[in-house]
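Asker: File data_21.json below, JSON, C-alpha atoms:
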[["chain", "number", "residue", "atom", "x", "y", "z"],
["A", 1, "MET", "CA", 4.77, -0.08, 30.42],
["A", 2, "ARG", "CA", 7.00, -3.20, 30.20],
["A", 3, "LYS", "CA", 4.09, -5.29, 28.98],
["A", 4, "PHE", "CA", 3.18, -2.78, 26.27],
["A", 5, "TRP", "CA", 6.74, -2.76, 24.93],
["A", 6, "MET", "CA", 6.62, -6.55, 24.83],
["A", 7, "PHE", "CA", 3.66, -6.22, 22.46],
["A", 8, "CYS", "CA", 5.62, -3.77, 20.37],
["A", 9, "ALA", "CA", 8.69, -6.02, 20.20],
["A", 10, "ALA", "CA", 6.50, -8.97, 19.29],
["A", 11, "ALA", "CA", 5.09, -7.17, 16.30],
["A", 12, "VAL", "CA", 7.38, -9.11, 13.93],
["A", 13, "LEU", "CA", 5.87, -12.47, 14.91],
["A", 14, "PHE", "CA", 2.56, -12.54, 12.93],
["A", 15, "PRO", "CA", 0.64, -10.83, 10.19],
["A", 16, "TYR", "CA", -0.06, -8.56, 13.20],
["A", 17, "VAL", "CA", 3.01, -6.85, 12.48],
["A", 18, "TYR", "CA", 6.09, -6.31, 10.31],
["A", 19, "THR", "CA", 6.94, -9.33, 8.26],
["A", 20, "LEU", "CA", 8.48, -10.45, 4.97],
["A", 21, "ALA", "CA", 10.04, -8.09, 2.46],
["A", 22, "ALA", "CA", 11.02, -8.38, -1.18],
["A", 23, "THR", "CA", 14.36, -9.68, -2.47],
["A", 24, "GLY", "CA", 14.45, -6.90, -5.04],
["A", 25, "GLU", "CA", 14.14, -9.22, -8.01],
["A", 26, "ILE", "CA", 10.96, -8.55, -9.94],
["A", 27, "ASN", "CA", 10.50, -9.93, -13.45],
["A", 28, "GLY", "CA", 14.22, -10.61, -13.61],
["A", 29, "ILE", "CA", 15.28, -7.09, -12.59],
["A", 30, "SER", "CA", 17.04, -6.46, -9.31],
["A", 31, "GLY", "CA", 18.47, -3.71, -7.16],
["A", 32, "SER", "CA", 18.24, -0.05, -8.06],
["A", 33, "GLN", "CA", 17.42, -0.98, -11.68],
["A", 34, "GLY", "CA", 14.03, -2.41, -10.61],
["A", 35, "ILE", "CA", 10.59, -1.56, -11.89],
["A", 36, "ALA", "CA", 10.09, 1.42, -9.57],
["A", 37, "GLY", "CA", 13.33, 3.00, -10.77],
["A", 38, "ASP", "CA", 12.44, 2.38, -14.43],
["A", 39, "ARG", "CA", 9.12, 4.17, -14.12],
["A", 40, "GLN", "CA", 10.89, 7.15, -12.61],
["A", 41, "GLY", "CA", 13.16, 7.54, -15.61],
["A", 42, "GLY", "CA", 16.04, 5.63, -14.02],
["A", 43, "GLN", "CA", 15.95, 7.73, -10.85],
["A", 44, "GLU", "CA", 17.79, 6.12, -7.95],
["A", 45, "TRP", "CA", 16.06, 6.60, -4.62],
["A", 46, "ALA", "CA", 18.03, 7.73, -1.59],
["A", 47, "ARG", "CA", 16.77, 5.02, 0.78],
["A", 48, "ARG", "CA", 18.05, 1.55, 0.05],
["A", 49, "VAL", "CA", 18.06, -1.83, 1.74],
["A", 50, "TYR", "CA", 21.06, -4.13, 1.47],
["A", 51, "LEU", "CA", 20.26, -7.79, 0.83],
["A", 52, "GLU", "CA", 22.95, -10.37, 1.48],
["A", 53, "GLU", "CA", 22.50, -12.13, -1.88],
["A", 54, "LYS", "CA", 21.31, -9.25, -4.06],
["A", 55, "GLY", "CA", 23.11, -6.15, -2.91],
["A", 56, "PHE", "CA", 21.25, -2.84, -2.60],
["A", 57, "VAL", "CA", 17.54, -2.66, -3.40],
["A", 58, "ASP", "CA", 15.51, 0.52, -3.78],
["A", 59, "GLY", "CA", 13.48, 1.08, -0.62],
["A", 60, "GLU", "CA", 10.19, 1.53, -2.46],
["A", 61, "GLU", "CA", 10.73, -1.66, -4.43],
["A", 62, "TYR", "CA", 11.58, -3.46, -1.20],
["A", 63, "LEU", "CA", 8.25, -2.38, 0.27],
["A", 64, "VAL", "CA", 6.30, -4.25, -2.42],
["A", 65, "GLY", "CA", 7.39, -7.54, -0.87],
["A", 66, "VAL", "CA", 6.69, -6.25, 2.62],
["A", 67, "VAL", "CA", 3.09, -5.29, 1.86],
["A", 68, "ALA", "CA", 2.53, -8.46, -0.17],
["A", 69, "ARG", "CA", 3.34, -10.55, 2.88],
["A", 70, "GLN", "CA", 1.68, -8.38, 5.50],
["A", 71, "MET", "CA", -1.79, -8.02, 4.00],
["A", 72, "PRO", "CA", -3.89, -10.31, 1.75],
["A", 73, "ALA", "CA", -3.69, -9.05, -1.83],
["A", 74, "ASP", "CA", -7.41, -9.57, -2.34],
["A", 75, "PHE", "CA", -8.10, -6.81, 0.19],
["A", 76, "GLU", "CA", -9.28, -3.46, -1.14],
["A", 77, "LEU", "CA", -6.66, -1.24, -2.77],
["A", 78, "GLU", "CA", -7.16, 1.59, -0.27],
["A", 79, "ALA", "CA", -6.53, -0.85, 2.58],
["A", 80, "LEU", "CA", -3.33, -2.00, 0.86],
["A", 81, "LYS", "CA", -2.30, 1.63, 0.49],
["A", 82, "ALA", "CA", -2.85, 2.18, 4.22],
["A", 83, "GLN", "CA", -0.68, -0.86, 4.89],
["A", 84, "ALA", "CA", 2.00, 0.48, 2.55],
["A", 85, "VAL", "CA", 2.16, 3.74, 4.53],
["A", 86, "ALA", "CA", 2.43, 1.77, 7.79],
["A", 87, "ALA", "CA", 5.18, -0.44, 6.36],
["A", 88, "ARG", "CA", 7.12, 2.55, 5.03],
["A", 89, "THR", "CA", 6.79, 4.32, 8.37],
["A", 90, "PHE", "CA", 8.30, 1.30, 10.08],
["A", 91, "LEU", "CA", 11.15, 1.08, 7.57],
["A", 92, "TYR", "CA", 12.01, 4.77, 7.84],
["A", 93, "ARG", "CA", 11.75, 4.64, 11.63],
["A", 94, "GLN", "CA", 14.27, 1.80, 11.66],
["A", 95, "MET", "CA", 16.60, 3.63, 9.28],
["A", 96, "GLY", "CA", 16.58, 6.92, 11.16],
["A", 97, "ASP", "CA", 18.86, 9.39, 9.37],
["A", 98, "ARG", "CA", 20.59, 6.68, 7.36],
["A", 99, "GLU", "CA", 20.05, 6.30, 3.65],
["A", 100, "GLU", "CA", 20.99, 2.61, 3.70],
["A", 101, "ILE", "CA", 20.31, -0.29, 6.03],
["A", 102, "LYS", "CA", 20.99, -4.00, 6.04],
["A", 103, "GLU", "CA", 17.94, -6.23, 5.85],
["A", 104, "SER", "CA", 19.33, -8.18, 8.81],
["A", 105, "GLU", "CA", 18.95, -5.07, 10.97],
["A", 106, "LEU", "CA", 15.24, -4.91, 10.19],
["A", 107, "ASN", "CA", 14.40, -8.44, 11.37],
["A", 108, "LEU", "CA", 12.63, -8.94, 8.05],
["A", 109, "GLU", "CA", 12.86, -12.00, 5.83],
["A", 110, "GLY", "CA", 13.06, -11.42, 2.11],
["A", 111, "MET", "CA", 10.13, -12.24, -0.16],
["A", 112, "GLY", "CA", 10.59, -12.18, -3.89],
["A", 113, "GLU", "CA", 8.72, -13.03, -7.05],
["A", 114, "THR", "CA", 8.88, -16.80, -6.62],
["A", 115, "GLN", "CA", 7.56, -16.66, -3.07],
["A", 116, "MET", "CA", 4.74, -14.33, -4.06],
["A", 117, "GLU", "CA", 3.72, -16.67, -6.87],
["A", 118, "GLN", "CA", 3.74, -19.63, -4.48],
["A", 119, "MET", "CA", 1.59, -17.73, -1.99],
["A", 120, "TRP", "CA", -0.94, -16.39, -4.49],
["A", 121, "GLY", "CA", -0.81, -19.09, -7.16],
["A", 122, "SER", "CA", 0.24, -18.58, -10.77],
["A", 123, "PRO", "CA", -3.23, -17.58, -12.11],
["A", 124, "ARG", "CA", -3.44, -14.57, -9.76],
["A", 125, "PHE", "CA", 0.23, -13.66, -9.49],
["A", 126, "LEU", "CA", 0.42, -10.85, -12.05],
["A", 127, "GLU", "CA", -2.90, -9.32, -10.96],
["A", 128, "TYR", "CA", -1.97, -9.33, -7.30],
["A", 129, "TYR", "CA", 1.59, -8.18, -7.85],
["A", 130, "GLU", "CA", 0.46, -5.19, -9.89],
["A", 131, "LYS", "CA", -2.16, -4.34, -7.28],
["A", 132, "VAL", "CA", 0.31, -4.39, -4.40],
["A", 133, "ARG", "CA", 2.87, -2.46, -6.42],
["A", 134, "LYS", "CA", 0.21, 0.13, -7.20],
["A", 135, "ALA", "CA", -0.51, 0.51, -3.47],
["A", 136, "VAL", "CA", 3.16, 1.22, -2.83],
["A", 137, "ASP", "CA", 3.55, 3.52, -5.85],
["A", 138, "GLU", "CA", 0.48, 5.61, -5.06],
["A", 139, "THR", "CA", 1.73, 6.27, -1.53],
["A", 140, "ARG", "CA", 5.35, 6.79, -2.53],
["A", 141, "GLY", "CA", 7.30, 8.46, 0.26],
["A", 142, "GLN", "CA", 4.30, 8.80, 2.59],
["A", 143, "VAL", "CA", 4.77, 8.15, 6.32],
["A", 144, "MET", "CA", 2.85, 8.79, 9.54],
["A", 145, "VAL", "CA", 4.10, 11.21, 12.18],
["A", 146, "PHE", "CA", 2.81, 12.33, 15.56],
["A", 147, "GLU", "CA", 4.11, 15.66, 16.83],
["A", 148, "GLY", "CA", 6.80, 15.52, 14.17],
["A", 149, "GLN", "CA", 8.07, 12.03, 15.01],
["A", 150, "LEU", "CA", 7.53, 8.82, 13.08],
["A", 151, "VAL", "CA", 4.98, 6.68, 14.87],
["A", 152, "GLU", "CA", 5.29, 3.03, 15.79],
["A", 153, "PRO", "CA", 2.74, 1.73, 13.27],
["A", 154, "LEU", "CA", 1.44, -1.38, 15.00],
["A", 155, "PHE", "CA", -1.18, -3.41, 13.14],
["A", 156, "HIS", "CA", -3.07, -6.68, 13.44],
["A", 157, "ARG", "CA", -5.41, -8.76, 11.33],
["A", 158, "ALA", "CA", -8.66, -8.25, 13.27],
["A", 159, "SER", "CA", -9.61, -6.83, 16.67],
["A", 160, "THR", "CA", -12.37, -7.92, 19.01],
["A", 161, "GLY", "CA", -14.54, -5.23, 17.47],
["A", 162, "ARG", "CA", -12.58, -2.48, 19.19],
["A", 163, "THR", "CA", -8.86, -1.80, 19.01],
["A", 164, "ARG", "CA", -6.78, -1.37, 22.15],
["A", 165, "GLU", "CA", -5.68, 1.76, 23.97],
["A", 166, "GLY", "CA", -1.95, 2.52, 23.93],
["A", 167, "ASP", "CA", 0.02, 3.82, 26.89],
["A", 168, "GLU", "CA", 1.05, 7.43, 27.52],
["A", 169, "ALA", "CA", 4.09, 7.02, 25.27],
["A", 170, "HIS", "CA", 1.80, 5.96, 22.40],
["A", 171, "PRO", "CA", -1.18, 8.36, 22.54],
["A", 172, "TYR", "CA", -1.87, 7.86, 18.83],
["A", 173, "LEU", "CA", -2.88, 4.27, 19.61],
["A", 174, "ALA", "CA", -6.22, 5.33, 20.99],
["A", 175, "SER", "CA", -8.99, 2.73, 21.06],
["A", 176, "ALA", "CA", -11.24, 2.74, 17.99],
["A", 177, "GLU", "CA", -14.49, 0.92, 17.23],
["A", 178, "SER", "CA", -13.98, -1.69, 14.51],
["A", 179, "GLY", "CA", -17.15, -3.73, 14.47],
["A", 180, "GLU", "CA", -16.50, -4.99, 10.93],
["A", 181, "ASP", "CA", -13.81, -7.26, 12.36],
["A", 182, "MET", "CA", -16.47, -9.52, 13.80],
["A", 183, "GLU", "CA", -17.57, -10.40, 10.26],
["A", 184, "MET", "CA", -14.19, -11.87, 9.30],
["A", 185, "ASP", "CA", -13.91, -15.59, 8.62],
["A", 186, "GLY", "CA", -11.86, -16.99, 11.48],
["A", 187, "TYR", "CA", -12.86, -14.23, 13.89],
["A", 188, "LEU", "CA", -13.78, -16.87, 16.48],
["A", 189, "THR", "CA", -11.34, -19.63, 17.39],
["A", 190, "VAL", "CA", -12.23, -22.53, 19.70],
["A", 191, "VAL", "CA", -9.54, -24.84, 21.11],
["A", 192, "THR", "CA", -9.87, -27.62, 23.69],
["A", 193, "TRP", "CA", -7.37, -29.46, 25.91],
["A", 194, "THR", "CA", -7.58, -32.25, 28.41],
["A", 195, "ALA", "CA", -6.66, -31.18, 31.94],
["A", 196, "GLU", "CA", -3.26, -32.86, 31.59],
["A", 197, "GLN", "CA", -2.55, -31.30, 28.19],
["A", 198, "PHE", "CA", -3.42, -27.86, 29.50],
["A", 199, "ALA", "CA", -1.35, -28.27, 32.68],
["A", 200, "GLU", "CA", 1.63, -29.55, 30.70],
["A", 201, "THR", "CA", 1.47, -26.51, 28.43],
["A", 202, "VAL", "CA", 1.36, -24.09, 31.36],
["A", 203, "ARG", "CA", 4.26, -25.90, 33.04],
["A", 204, "GLN", "CA", 6.47, -24.82, 30.15],
["A", 205, "MET", "CA", 5.95, -21.18, 31.12],
["A", 206, "PRO", "CA", 8.16, -19.34, 33.61],
["A", 207, "GLU", "CA", 6.65, -19.81, 37.10],
["A", 208, "GLY", "CA", 4.22, -22.39, 35.77],
["A", 209, "GLU", "CA", 6.15, -25.48, 36.82],
["A", 210, "ASN", "CA", 3.90, -26.22, 39.80],
["A", 211, "VAL", "CA", 0.61, -26.36, 37.88],
["A", 212, "ARG", "CA", -0.96, -29.82, 38.06],
["A", 213, "ALA", "CA", -3.80, -31.42, 36.12],
["A", 214, "GLN", "CA", -5.76, -31.85, 39.36],
["A", 215, "GLN", "CA", -5.94, -28.05, 39.64],
["A", 216, "ILE", "CA", -7.46, -27.70, 36.18],
["A", 217, "PRO", "CA", -9.91, -26.14, 35.46],
["A", 218, "ASP", "CA", -10.94, -25.17, 39.00],
["A", 219, "THR", "CA", -8.05, -22.77, 39.65],
["A", 220, "ILE", "CA", -8.35, -20.85, 36.38],
["A", 221, "GLN", "CA", -9.63, -17.36, 37.12],
["A", 222, "LEU", "CA", -9.70, -14.21, 35.02],
["A", 223, "ILE", "CA", -8.16, -11.36, 37.03],
["A", 224, "ALA", "CA", -8.22, -8.43, 34.62],
["A", 225, "LYS", "CA", -8.89, -7.48, 31.03],
["A", 226, "ASP", "CA", -8.72, -4.15, 29.21],
["A", 227, "SER", "CA", -11.54, -2.09, 27.75],
["A", 228, "ALA", "CA", -11.32, -3.88, 24.38],
["A", 229, "GLY", "CA", -11.70, -7.31, 26.00],
["A", 230, "TYR", "CA", -8.08, -8.51, 25.96],
["A", 231, "VAL", "CA", -6.93, -10.49, 28.98],
["A", 232, "THR", "CA", -4.18, -8.72, 30.90],
["A", 233, "GLN", "CA", -3.96, -10.99, 33.96],
["A", 234, "ILE", "CA", -5.18, -14.52, 34.59],
["A", 235, "GLN", "CA", -4.65, -16.89, 37.50],
["A", 236, "ILE", "CA", -3.80, -20.55, 36.87],
["A", 237, "GLY", "CA", -3.01, -22.66, 39.89],
["A", 238, "SER", "CA", -1.50, -20.38, 42.53],
["A", 239, "HIS", "CA", 0.20, -17.99, 40.10],
["A", 240, "THR", "CA", -1.06, -14.94, 38.23],
["A", 241, "PHE", "CA", 0.19, -14.82, 34.63],
["A", 242, "ASP", "CA", 0.32, -12.11, 32.02],
["A", 243, "GLY", "CA", -2.58, -12.59, 29.61],
["A", 244, "GLU", "CA", -0.43, -12.20, 26.51],
["A", 245, "ALA", "CA", 2.12, -14.72, 27.81],
["A", 246, "VAL", "CA", -0.65, -17.28, 28.30],
["A", 247, "ARG", "CA", -1.95, -16.56, 24.81],
["A", 248, "MET", "CA", 1.45, -17.26, 23.31],
["A", 249, "ALA", "CA", 1.94, -20.43, 25.34],
["A", 250, "LEU", "CA", -1.46, -21.77, 24.30],
["A", 251, "GLY", "CA", -0.97, -20.78, 20.66],
["A", 252, "LEU", "CA", -4.12, -18.64, 20.54],
["A", 253, "PRO", "CA", -4.47, -15.99, 17.82],
["A", 254, "SER", "CA", -5.18, -13.17, 20.28],
["A", 255, "ALA", "CA", -5.31, -12.37, 23.98],
["A", 256, "ALA", "CA", -9.07, -11.79, 23.84],
["A", 257, "TYR", "CA", -10.00, -15.23, 25.16],
["A", 258, "THR", "CA", -12.00, -17.02, 27.80],
["A", 259, "LEU", "CA", -10.95, -20.29, 29.45],
["A", 260, "GLU", "CA", -13.75, -22.50, 30.71],
["A", 261, "GLU", "CA", -14.41, -26.05, 31.85],
["A", 262, "TYR", "CA", -15.22, -28.44, 29.03],
["A", 263, "GLU", "CA", -15.71, -32.18, 29.52],
["A", 264, "GLY", "CA", -13.29, -32.21, 32.45],
["A", 265, "GLY", "CA", -10.70, -30.23, 30.53],
["A", 266, "VAL", "CA", -10.45, -26.67, 29.24],
["A", 267, "ARG", "CA", -11.96, -24.87, 26.28],
["A", 268, "ALA", "CA", -10.68, -21.54, 24.97],
["A", 269, "VAL", "CA", -12.94, -19.26, 22.98],
["A", 270, "CYS", "CA", -10.82, -16.57, 21.32],
["A", 271, "ARG", "CA", -11.91, -13.46, 19.40],
["A", 272, "GLY", "CA", -9.94, -11.66, 16.73],
["A", 273, "GLN", "CA", -6.43, -12.19, 15.40],
["A", 274, "GLY", "CA", -3.37, -10.31, 16.60],
["A", 275, "HIS", "CA", -2.46, -8.03, 19.49],
["A", 276, "GLY", "CA", -5.25, -5.53, 18.82],
["A", 277, "TYR", "CA", -3.16, -2.33, 18.71],
["A", 278, "GLY", "CA", -3.27, 0.17, 15.85],
["A", 279, "LEU", "CA", -4.53, -0.65, 12.37],
["A", 280, "SER", "CA", -7.04, -3.47, 12.02],
["A", 281, "GLN", "CA", -6.33, -4.87, 8.58],
["A", 282, "TYR", "CA", -9.74, -6.43, 8.14],
["A", 283, "GLY", "CA", -11.39, -3.29, 9.45],
["A", 284, "ALA", "CA", -9.37, -1.29, 6.93],
["A", 285, "HIS", "CA", -10.48, -3.64, 4.16],
["A", 286, "MET", "CA", -14.14, -3.23, 5.04],
["A", 287, "LYS", "CA", -13.88, 0.53, 5.49],
["A", 288, "ALA", "CA", -12.20, 0.77, 2.09],
["A", 289, "ALA", "CA", -15.02, -1.29, 0.59],
["A", 290, "GLY", "CA", -17.38, 1.30, 2.04],
["A", 291, "GLY", "CA", -15.57, 4.14, 0.29],
["A", 292, "MET", "CA", -12.96, 5.31, 2.80],
["A", 293, "LYS", "CA", -9.57, 6.36, 1.41],
["A", 294, "ALA", "CA", -6.24, 5.23, 2.83],
["A", 295, "GLU", "CA", -5.61, 8.55, 4.56],
["A", 296, "GLU", "CA", -9.00, 8.40, 6.26],
["A", 297, "ILE", "CA", -8.45, 4.81, 7.35],
["A", 298, "LEU", "CA", -5.09, 5.65, 8.90],
["A", 299, "GLY", "CA", -6.53, 8.70, 10.61],
["A", 300, "TYR", "CA", -9.27, 6.54, 12.05],
["A", 301, "TYR", "CA", -7.00, 3.90, 13.59],
["A", 302, "TYR", "CA", -4.09, 6.19, 14.55],
["A", 303, "LYS", "CA", -5.37, 9.30, 16.30],
["A", 304, "ASN", "CA", -4.05, 12.81, 15.66],
["A", 305, "ILE", "CA", -1.35, 11.67, 13.22],
["A", 306, "GLU", "CA", -0.23, 13.45, 10.08],
["A", 307, "ILE", "CA", 0.67, 11.81, 6.80],
["A", 308, "ILE", "CA", 3.62, 13.59, 5.27],
["A", 309, "SER", "CA", 5.87, 12.89, 2.31],
["A", 310, "GLN", "CA", 9.54, 12.08, 2.83],
["A", 311, "GLU", "CA", 10.06, 11.44, -0.85],
["A", 312, "GLU", "CA", 13.57, 12.24, -1.95]]
Translate the structure of the given file into structure tokens.
Answerer:
Amino acid sequence: MRKFWMFCAAAVLFPYVYTLAATGEINGISGSQGIAGDRQGGQEWARRVYLEEKGFVDGEEYLVGVVARQMPADFELEALKAQAVAARTFLYRQMGDREEIKESELNLEGMGETQMEQMWGSPRFLEYYEKVRKAVDETRGQVMVFEGQLVEPLFHRASTGRTREGDEAHPYLASAESGEDMEMDGYLTVVTWTAEQFAETVRQMPEGENVRAQQIPDTIQLIAKDSAGYVTQIQIGSHTFDGEAVRMALGLPSAAYTLEEYEGGVRAVCRGQGHGYGLSQYGAHMKAAGGMKAEEILGYYYKNIEIISQEE
């Protein structure tokens, strides 16, 4: 259970999970007077996010920057819509019964128009911005619930080809086949270290201080992995480490890796990107390209959930 919650808490660290959000300034308009409010006849939405430099921003407008950072804008619209629902679910879950929240409480870093343009490039900026905004607008107010409670909408860029099973507190994170992920550019990552480089890296980990180059690679042994192929326990030297902790120490994109001898040192072969729980973004993109709608995609990756509207 403790290990699973570590994955959940780490969700803010990658595209695997909840990342940058908008500053509220779009085309020179900020706060509750933004584009979303204009299209609703000046309606002010109940949920707002307070930005240190901008003041209050409409929650829906804020989500445009969240989705823009979390998922590539060249992904299919229905995949972006699925991501928008996941992002909104996270935001509402953090807010609880409150109508307002400080951005600093969300552990999100603001992303505005200038940053989007830098990320996408000027030639594609308007096209991509309108596409992401459309994904947010067309899912306005929609969130995911399980047995009446907002879910923890974990996501990642690409699984091993199958997403991971959650624990008993997260039954909606049931494992799902996602073979399309194996087609993604960057699905396989290969990294090599000399024995000394590898040992030095492991020595920086808690309880890894006694690992020596002379023990590498002979004392590396896989102890356990889960049904989706992610390492849960691995022995290095005389100590057994958590698979995710080793992944983070080695800087690998996922915990679905093998460590093997290579020219006297170590080679890692890693599959997928991210922790592997919940929505596979690349899988969603490919399923959308095949005709699946956002609601179907979400229902595929999060089991037995409902999508409801909390529009106010």
Asker: Let me make sure I understand: among A:Glu209, A:Arg157, A:Val132, A:Tyr230, which one has the smallest atom-to-atom distance to A:Gly186 if we use only C-alpha atoms?
Answerer: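 Selected residue with least distance to A:Gly186: A:Arg157.
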Asker: A:Met184, A:Val136, A:Met95, A:Val85: which is nearest A:Glu60, counting all atoms listed in the file?
Answerer: A:Val136
Asker: Which protein, DNA or RNA residues are at most 12 Å from (8.1, 14.9, 1.9) in the file's coordinates when you count all atoms listed in the file, listed as an NGL selection string?
Answerer: :A and (139-145 or 306-312)
Asker: Please produce a file of the residues just selected, as a PDB file, in the frame of the given file, where the atoms kept are C-alpha atoms.
Answerer:
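After the write, out-v2.pdb holds the following:
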ATOM      1  CA  THR A 139       1.730   6.270  -1.530  1.00  0.00           C
ATOM      2  CA  ARG A 140       5.350   6.790  -2.530  1.00  0.00           C
ATOM      3  CA  GLY A 141       7.300   8.460   0.260  1.00  0.00           C
ATOM      4  CA  GLN A 142       4.300   8.800   2.590  1.00  0.00           C
ATOM      5  CA  VAL A 143       4.770   8.150   6.320  1.00  0.00           C
ATOM      6  CA  MET A 144       2.850   8.790   9.540  1.00  0.00           C
ATOM      7  CA  VAL A 145       4.100  11.210  12.180  1.00  0.00           C
ATOM      8  CA  GLU A 306      -0.230  13.450  10.080  1.00  0.00           C
ATOM      9  CA  ILE A 307       0.670  11.810   6.800  1.00  0.00           C
ATOM     10  CA  ILE A 308       3.620  13.590   5.270  1.00  0.00           C
ATOM     11  CA  SER A 309       5.870  12.890   2.310  1.00  0.00           C
ATOM     12  CA  GLN A 310       9.540  12.080   2.830  1.00  0.00           C
ATOM     13  CA  GLU A 311      10.060  11.440  -0.850  1.00  0.00           C
ATOM     14  CA  GLU A 312      13.570  12.240  -1.950  1.00  0.00           C
TER      15      GLU A 312
END
Asker: Please put the answer as JSON: centre and edge lengths, in Å with one decimal, of a box along x, y and z that encloses all listed atoms of stretch 251-257 of chain A plus 4 Å on each side.
Answerer:
{"center_x": -5.5, "center_y": -16.3, "center_z": 21.5, "size_x": 17.0, "size_y": 17.0, "size_z": 15.3}
Asker: Fewer than 4 positions away in the same chain doesn't count, so skip those; otherwise give me all residues within 7 Å of A:Arg88, counting only C-alpha atoms, as a tab-separated table (two decimals) with C-alpha atoms, in the coordinates of the input.
Answerer:
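Okay, this is what ended up in out-v3.tsv:
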chain	number	residue	atom	x	y	z
A	63	LEU	CA	8.25	-2.38	0.27
A	84	ALA	CA	2.00	0.48	2.55
A	92	TYR	CA	12.01	4.77	7.84
A	143	VAL	CA	4.77	8.15	6.32
Asker: At what distance in Å, to one decimal, does atom CA of A:Ser280 lie from atom CA of A:Val202?
Answerer: 29.5 Å
